[in-house]
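Enquirer: Quick one, start.cif (mmCIF, C-alpha atoms):
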data_data
loop_
_atom_site.label_atom_id
_atom_site.label_comp_id
_atom_site.auth_asym_id
_atom_site.auth_seq_id
_atom_site.Cartn_x
_atom_site.Cartn_y
_atom_site.Cartn_z
CA MET A 1 0.00 0.00 0.00
CA SER A 2 2.80 2.34 0.87
CA LEU A 3 4.49 1.53 -2.43
CA ARG A 4 1.35 2.50 -4.35
CA THR A 5 1.03 5.75 -2.48
CA SER A 6 4.72 6.56 -2.89
CA ARG A 7 4.66 6.22 -6.67
CA PRO A 8 2.11 9.04 -7.25
CA ALA A 9 4.00 11.17 -4.75
CA ARG A 10 7.26 10.53 -6.53
CA ALA A 11 5.65 11.26 -9.88
CA GLY A 12 4.35 14.53 -8.45
CA GLN A 13 7.81 15.43 -7.24
CA TYR A 14 9.34 14.78 -10.66
CA LEU A 15 6.57 16.78 -12.30
CA ALA A 16 7.15 19.71 -9.95
CA LEU A 17 10.90 19.51 -10.61
CA LEU A 18 10.26 19.46 -14.37
CA CYS A 19 8.01 22.52 -14.14
CA TYR A 20 10.66 24.31 -12.09
CA LEU A 21 13.37 23.49 -14.63
CA VAL A 22 11.18 24.73 -17.46
CA PHE A 23 10.50 27.92 -15.50
CA LEU A 24 14.24 28.48 -15.04
CA ALA A 25 15.20 27.56 -18.61
CA PHE A 26 12.53 29.65 -20.36
CA PRO A 27 14.28 33.07 -20.08
CA PHE A 28 17.64 31.66 -21.17
CA LEU A 29 16.20 29.76 -24.13
CA TRP A 30 14.25 32.83 -25.22
CA LEU A 31 17.43 34.90 -24.89
CA ILE A 32 19.29 32.51 -27.20
CA SER A 33 16.43 32.58 -29.69
CA THR A 34 16.34 36.39 -29.68
CA ALA A 35 20.10 36.66 -30.10
CA PHE A 36 19.97 34.81 -33.43
CA LYS A 37 16.83 36.44 -34.87
CA PRO A 38 17.09 39.06 -37.64
CA ALA A 39 15.49 42.45 -37.12
CA ARG A 40 12.34 41.64 -39.09
CA GLU A 41 11.60 38.63 -36.87
CA LEU A 42 12.21 40.62 -33.70
CA GLY A 43 9.40 42.98 -34.69
CA SER A 44 7.01 40.22 -35.69
CA LEU A 45 3.57 40.07 -34.07
CA HIS A 46 3.82 36.28 -33.98
CA PRO A 47 7.22 35.42 -32.44
CA THR A 48 8.59 31.92 -32.79
CA TRP A 49 10.99 29.89 -30.68
CA ILE A 50 13.27 28.92 -33.54
CA PRO A 51 14.40 31.74 -35.87
CA ASP A 52 13.32 31.26 -39.48
CA SER A 53 16.53 32.85 -40.73
CA PRO A 54 19.23 32.59 -38.01
CA THR A 55 21.86 35.30 -38.23
CA LEU A 56 25.02 36.45 -36.46
CA GLU A 57 24.32 40.09 -37.31
CA ASN A 58 23.23 40.86 -33.75
CA PHE A 59 26.59 39.71 -32.41
CA ARG A 60 28.45 41.84 -34.96
CA GLN A 61 26.37 44.90 -34.05
CA ALA A 62 26.90 44.28 -30.35
CA PHE A 63 30.68 44.33 -30.73
CA ASP A 64 30.53 47.33 -33.06
CA GLU A 65 28.29 49.41 -30.80
CA GLN A 66 29.90 48.73 -27.41
CA PRO A 67 33.41 47.78 -26.16
CA LEU A 68 32.34 44.33 -24.97
CA LEU A 69 35.84 42.84 -24.94
CA ARG A 70 37.25 45.65 -22.80
CA ALA A 71 34.29 45.46 -20.43
CA ALA A 72 34.66 41.68 -20.22
CA GLY A 73 38.34 42.15 -19.39
CA ASN A 74 37.43 44.58 -16.60
CA SER A 75 34.84 42.16 -15.22
CA LEU A 76 37.30 39.26 -15.41
CA THR A 77 40.01 41.25 -13.60
CA VAL A 78 37.68 42.41 -10.86
CA ALA A 79 36.01 39.02 -10.37
CA LEU A 80 39.26 37.05 -10.29
CA CYS A 81 41.02 39.39 -7.87
CA ALA A 82 37.99 39.72 -5.59
CA SER A 83 37.40 35.96 -5.38
CA LEU A 84 41.06 35.15 -4.74
CA ILE A 85 41.49 37.82 -2.05
CA ALA A 86 38.23 36.82 -0.35
CA VAL A 87 39.25 33.16 -0.22
CA VAL A 88 42.76 33.95 1.07
CA ILE A 89 41.28 36.02 3.90
CA ALA A 90 38.34 33.74 4.64
CA THR A 91 40.17 30.41 4.81
CA PRO A 92 42.23 30.99 8.01
CA MET A 93 39.36 32.91 9.60
CA ALA A 94 36.97 30.04 8.87
CA TYR A 95 39.41 27.55 10.36
CA VAL A 96 39.65 29.50 13.60
CA MET A 97 35.88 30.01 13.80
CA ALA A 98 35.23 26.31 13.21
CA ARG A 99 37.85 24.93 15.59
CA GLN A 100 37.61 27.48 18.43
CA ARG A 101 34.33 26.88 20.26
CA SER A 102 34.15 30.21 22.06
CA ARG A 103 31.61 32.98 22.50
CA LEU A 104 33.64 35.22 20.23
CA ALA A 105 33.51 32.65 17.41
CA THR A 106 29.75 32.21 17.95
CA ALA A 107 29.22 35.97 17.87
CA ALA A 108 31.33 36.26 14.72
CA THR A 109 29.28 33.55 13.02
CA GLY A 110 26.05 35.32 13.98
CA TRP A 111 27.36 38.61 12.63
CA VAL A 112 28.27 36.91 9.35
CA VAL A 113 24.69 35.70 8.96
CA ILE A 114 23.14 39.06 9.97
CA SER A 115 25.38 41.05 7.61
CA GLN A 116 23.89 39.24 4.64
CA ALA A 117 20.53 40.85 5.39
CA PHE A 118 21.82 44.38 4.73
CA PRO A 119 20.48 45.71 1.41
CA PHE A 120 22.79 47.41 -1.09
CA VAL A 121 20.99 50.75 -0.78
CA LEU A 122 21.63 50.86 2.97
CA VAL A 123 25.42 50.77 2.61
CA ILE A 124 26.05 52.52 -0.70
CA ILE A 125 26.16 56.11 0.66
CA PRO A 126 28.63 55.51 3.54
CA LEU A 127 30.60 53.20 1.26
CA PHE A 128 30.80 55.88 -1.41
CA LEU A 129 32.03 58.44 1.13
CA VAL A 130 34.69 56.07 2.47
CA LEU A 131 35.97 55.27 -1.01
CA LYS A 132 35.92 58.96 -1.93
CA ASN A 133 38.15 59.80 1.05
CA LEU A 134 40.51 57.01 -0.01
CA HIS A 135 40.49 58.27 -3.62
CA LEU A 136 39.17 54.93 -4.86
CA ILE A 137 36.10 56.16 -6.72
CA ASN A 138 36.21 55.26 -10.42
CA SER A 139 38.87 52.67 -9.66
CA LEU A 140 38.87 48.95 -10.38
CA PHE A 141 40.90 48.43 -7.20
CA GLY A 142 38.20 50.18 -5.17
CA LEU A 143 35.53 48.00 -6.77
CA ILE A 144 37.60 44.90 -5.99
CA MET A 145 37.79 45.89 -2.33
CA VAL A 146 34.03 46.39 -2.24
CA TYR A 147 33.43 42.94 -3.72
CA VAL A 148 35.88 41.38 -1.26
CA VAL A 149 34.08 42.91 1.72
CA TRP A 150 30.68 42.02 0.32
CA SER A 151 31.53 38.39 -0.50
CA LEU A 152 33.61 37.72 2.61
CA PRO A 153 30.68 36.87 4.94
CA PHE A 154 29.32 34.29 2.51
CA ALA A 155 32.79 32.85 1.93
CA LEU A 156 33.31 32.57 5.69
CA TRP A 157 29.94 30.91 6.23
CA MET A 158 30.60 28.44 3.45
CA LEU A 159 34.16 27.57 4.47
CA VAL A 160 33.24 27.14 8.15
CA GLY A 161 30.96 24.31 7.08
CA TYR A 162 33.75 22.67 5.09
CA VAL A 163 36.22 22.97 7.99
CA ARG A 164 33.75 21.42 10.43
CA ALA A 165 33.29 18.52 8.01
CA VAL A 166 37.00 17.68 8.35
CA PRO A 167 37.41 15.38 11.38
CA ALA A 168 39.56 16.97 14.07
CA GLU A 169 40.88 13.48 14.83
CA LEU A 170 42.97 13.63 11.66
CA GLU A 171 44.79 16.72 12.94
CA GLU A 172 45.23 15.14 16.36
CA ALA A 173 46.71 12.01 14.77
CA ALA A 174 49.13 14.14 12.77
CA SER A 175 50.23 16.02 15.89
CA VAL A 176 50.79 12.71 17.69
CA ASP A 177 53.03 11.64 14.79
CA GLY A 178 55.15 14.72 15.44
CA ALA A 179 53.77 17.14 12.84
CA GLY A 180 53.70 20.77 13.88
CA ARG A 181 50.63 22.99 13.65
CA LEU A 182 51.63 24.56 10.34
CA ARG A 183 52.55 21.25 8.72
CA THR A 184 49.29 19.71 9.91
CA LEU A 185 47.32 22.50 8.30
CA VAL A 186 49.28 22.31 5.05
CA SER A 187 49.58 18.53 4.73
CA VAL A 188 46.36 17.27 6.30
CA THR A 189 43.67 19.94 6.47
CA ALA A 190 44.36 21.96 3.31
CA PRO A 191 44.02 19.02 0.84
CA LEU A 192 40.66 18.08 2.36
CA LEU A 193 39.51 21.71 2.15
CA ALA A 194 40.61 22.12 -1.47
CA PRO A 195 37.17 21.32 -3.02
CA GLY A 196 35.49 23.73 -0.61
CA ILE A 197 38.01 26.47 -1.31
CA VAL A 198 37.55 26.06 -5.07
CA ALA A 199 33.75 26.09 -4.76
CA THR A 200 33.82 29.18 -2.53
CA ALA A 201 36.15 31.01 -4.90
CA MET A 202 33.92 30.22 -7.85
CA PHE A 203 30.78 31.39 -6.07
CA ALA A 204 32.58 34.64 -5.20
CA PHE A 205 33.68 34.94 -8.82
CA ILE A 206 30.13 34.53 -10.15
CA THR A 207 28.83 37.09 -7.65
CA ALA A 208 31.40 39.67 -8.73
CA TRP A 209 30.97 38.86 -12.43
CA ASN A 210 27.21 39.45 -12.33
CA GLU A 211 27.14 42.39 -9.88
CA PHE A 212 25.68 45.59 -11.31
CA PHE A 213 24.71 48.12 -8.62
CA PHE A 214 28.11 48.84 -7.06
CA ALA A 215 29.79 48.93 -10.47
CA LEU A 216 27.19 51.40 -11.76
CA VAL A 217 27.65 53.78 -8.81
CA LEU A 218 31.41 53.57 -8.35
CA LEU A 219 32.70 53.47 -11.95
CA LYS A 220 32.23 56.57 -14.07
CA SER A 221 34.80 56.28 -16.87
CA PRO A 222 33.53 54.22 -19.83
CA GLU A 223 36.90 52.49 -20.20
CA LYS A 224 36.65 51.12 -16.64
CA GLN A 225 33.05 49.94 -16.68
CA THR A 226 32.27 46.26 -16.28
CA LEU A 227 30.16 44.08 -18.53
CA PRO A 228 26.82 44.35 -16.63
CA VAL A 229 27.05 48.15 -16.81
CA ILE A 230 27.92 48.13 -20.52
CA LEU A 231 24.81 46.06 -21.23
CA THR A 232 22.65 48.99 -20.10
CA HIS A 233 24.10 51.07 -22.94
CA PHE A 234 21.98 49.09 -25.39
CA LEU A 235 18.97 50.93 -23.95
CA GLY A 236 18.05 54.18 -25.66
CA ALA A 237 17.36 57.51 -23.99
CA GLU A 238 13.64 56.71 -23.81
CA GLY A 239 14.16 53.20 -22.53
CA VAL A 240 13.79 51.54 -25.93
CA ALA A 241 16.10 48.54 -26.12
CA ASP A 242 18.17 47.58 -29.13
CA LEU A 243 16.83 44.11 -28.60
CA GLY A 244 18.91 42.01 -30.99
CA PRO A 245 22.40 43.26 -29.97
CA LEU A 246 21.33 43.39 -26.33
CA ALA A 247 20.27 39.74 -26.39
CA ALA A 248 23.49 38.75 -28.15
CA ALA A 249 25.66 40.61 -25.63
CA ALA A 250 23.67 39.25 -22.68
CA PHE A 251 24.03 35.71 -24.04
CA LEU A 252 27.81 36.10 -24.28
CA ALA A 253 27.93 37.57 -20.75
CA THR A 254 26.00 34.59 -19.38
CA ILE A 255 28.33 31.90 -20.76
CA PRO A 256 31.13 32.29 -18.13
CA SER A 257 28.64 31.97 -15.26
CA LEU A 258 27.17 28.81 -16.74
CA VAL A 259 30.59 27.26 -17.31
CA ILE A 260 31.80 28.09 -13.81
CA PHE A 261 28.57 26.83 -12.25
CA ALA A 262 29.04 23.51 -14.05
CA ILE A 263 32.58 23.34 -12.64
CA ILE A 264 31.28 24.17 -9.15
CA GLN A 265 28.77 21.34 -9.26
CA ARG A 266 31.46 18.86 -10.29
CA ARG A 267 33.89 20.12 -7.64
CA ILE A 268 31.29 19.96 -4.86
CA THR A 269 30.30 16.41 -5.82
CA GLY A 270 33.94 15.35 -6.09
CA GLY A 271 34.75 16.93 -2.75
CA MET A 272 31.89 15.16 -1.01
CA LEU A 273 32.94 11.79 -2.44
CA ALA A 274 36.61 12.40 -1.56
CA GLY A 275 35.68 13.36 1.99
CA ALA A 276 33.53 10.26 2.38
CA VAL A 277 36.40 8.03 1.24
CA LYS A 278 39.07 9.73 3.37
CA THR A 279 36.97 9.74 6.53
#
Could you spell out this file's structure in structure tokens?

Expert:
Amino acid sequence: MSLRTSRPARAGQYLALLCYLVFLAFPFLWLISTAFKPARELGSLHPTWIPDSPTLENFRQAFDEQPLLRAAGNSLTVALCASLIAVVIATPMAYVMARQRSRLATAATGWVVISQAFPFVLVIIPLFLVLKNLHLINSLFGLIMVYVVWSLPFALWMLVGYVRAVPAELEEAASVDGAGRLRTLVSVTAPLLAPGIVATAMFAFITAWNEFFFALVLLKSPEKQTLPVILTHFLGAEGVADLGPLAAAAFLATIPSLVIFAIIQRRITGGMLAGAVKT
């Protein structure tokens, strides 16, 4: 009886999952379709999923109208530096917070969680004033520092979970064998944390790559603007979008996030399996 009742429930779960996947995939599939449609199809009263006459003209116009490669280079520089710095700072902090069971560590963990509730608008004015006093407005370095501070709480929260998943008994066994604290961290703990560090760095990278609000406020020079800000330039003065080139540019800007997310999923799965085998 329970088997009969579980089958409809399982079918309902798969159906709900399928509907959710379709809901998530619809905007991206429509974006791809729009990117390859010629202008006459974009203005059609009866749009179709598959373009009748696929074209690369939208991609050519996108590169001709806006400096996409330069903006992509700025985004890549900012995202890489921010993710690496955040992980370098967060890793030792997460280790201390996970291993030291004290009130200070508990309070720090609570503050990390609470800080994620602060909206961008609440911090942008004091942040702008601080960066102005430091002469970091309209600077990629200033934007990198902002992304490091903004992604650090999430990186800490994520890495604390990975550190706690590493059995402390392994470190104790290494110390019994005569390994010092530093060698234990480098030889025993760090290899087990590698999948978590990679996953955290990639999440920080995706966050910085897709971020728009801080980049819009802090970067004024066109040659320093990042890719999300450049995409807004495809909108006219009256809010009319140059739909074809905009879709093409947005499609190209989405590809790195998709690739990195696929790598994250593989790394997380591999890290879980490696941890299960080693423990």

Enquirer: Return as a list in words the set of residues that the PyMOL selection byres ((chain A and resi 196) around 10) yields on the displayed structure.

Expert: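 Matching residues under the PyMOL selection byres ((chain A and resi 196) around 10) are Thr91, Ala155, Met158, Leu159, Val160, Gly161, Tyr162, Val163, Ala190, Pro191, Leu192, Leu193, Ala194, Pro195, Ile197, Val198, Ala199, Thr200, Ala201, Met202, Ile264, Arg267, Ile268, Gly271 and Met272 of chain A.
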
Enquirer: Expanded to explicit residues, what is the PyMOL selection byres ((chain A and resi 225) around 12) for this file, as a ChimeraX atom specification?

Expert: /A:66-78,138-140,143,211-224,226-233

Enquirer: Expressed in Å to a single decimal, how great is the separation between atom CA of Ala25 of chain A and atom CA of Leu80 of chain A?

Expert: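 Answer for the atom CA of Ala25 of chain A to atom CA of Leu80 of chain A separation: 27.2 Å.
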
Enquirer: Using only C-alpha atoms, which of A:Ser151, A:Gln13, A:Gln100, A:Ser6 sits nearest Ser83 of chain A?

Expert: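 Once distances to Ser83 of chain A are computed over only C-alpha atoms, the minimum belongs to A:Ser151.
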
Enquirer: Would you compute, for all listed atoms of segment 250-260 of chain A, the axis-aligned bounding box grown by 6 Å on each side, and then report its centre and edge lengths in Å rounded to one decimal, as lines of an AutoDock Vina configuration file?

Expert:
center_x = 27.7
center_y = 33.3
center_z = -19.0
size_x = 20.1
size_y = 24.0
size_z = 22.5

Enquirer: I need the residue set behind the PyMOL selection byres ((chain A and resi 149) around 12) for this file; please write it as a PyMOL selection string.

Expert: chain A and resi 82-83+85-87+89-90+112+115-116+123+127+142-148+150-156+204+208

Enquirer: What does the distance between atom CA of Trp157 of chain A and atom CA of Ala262 of chain A come to in Å, to one decimal place?

Expert: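 That distance, rounded to one decimal, is 21.6 Å.
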
Enquirer: In Å, how far is it from atom CA of Pro54 of chain A to atom CA of Val259 of chain A?

Expert: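 Going from atom CA of Pro54 of chain A over to atom CA of Val259 of chain A covers 24.2 Å.
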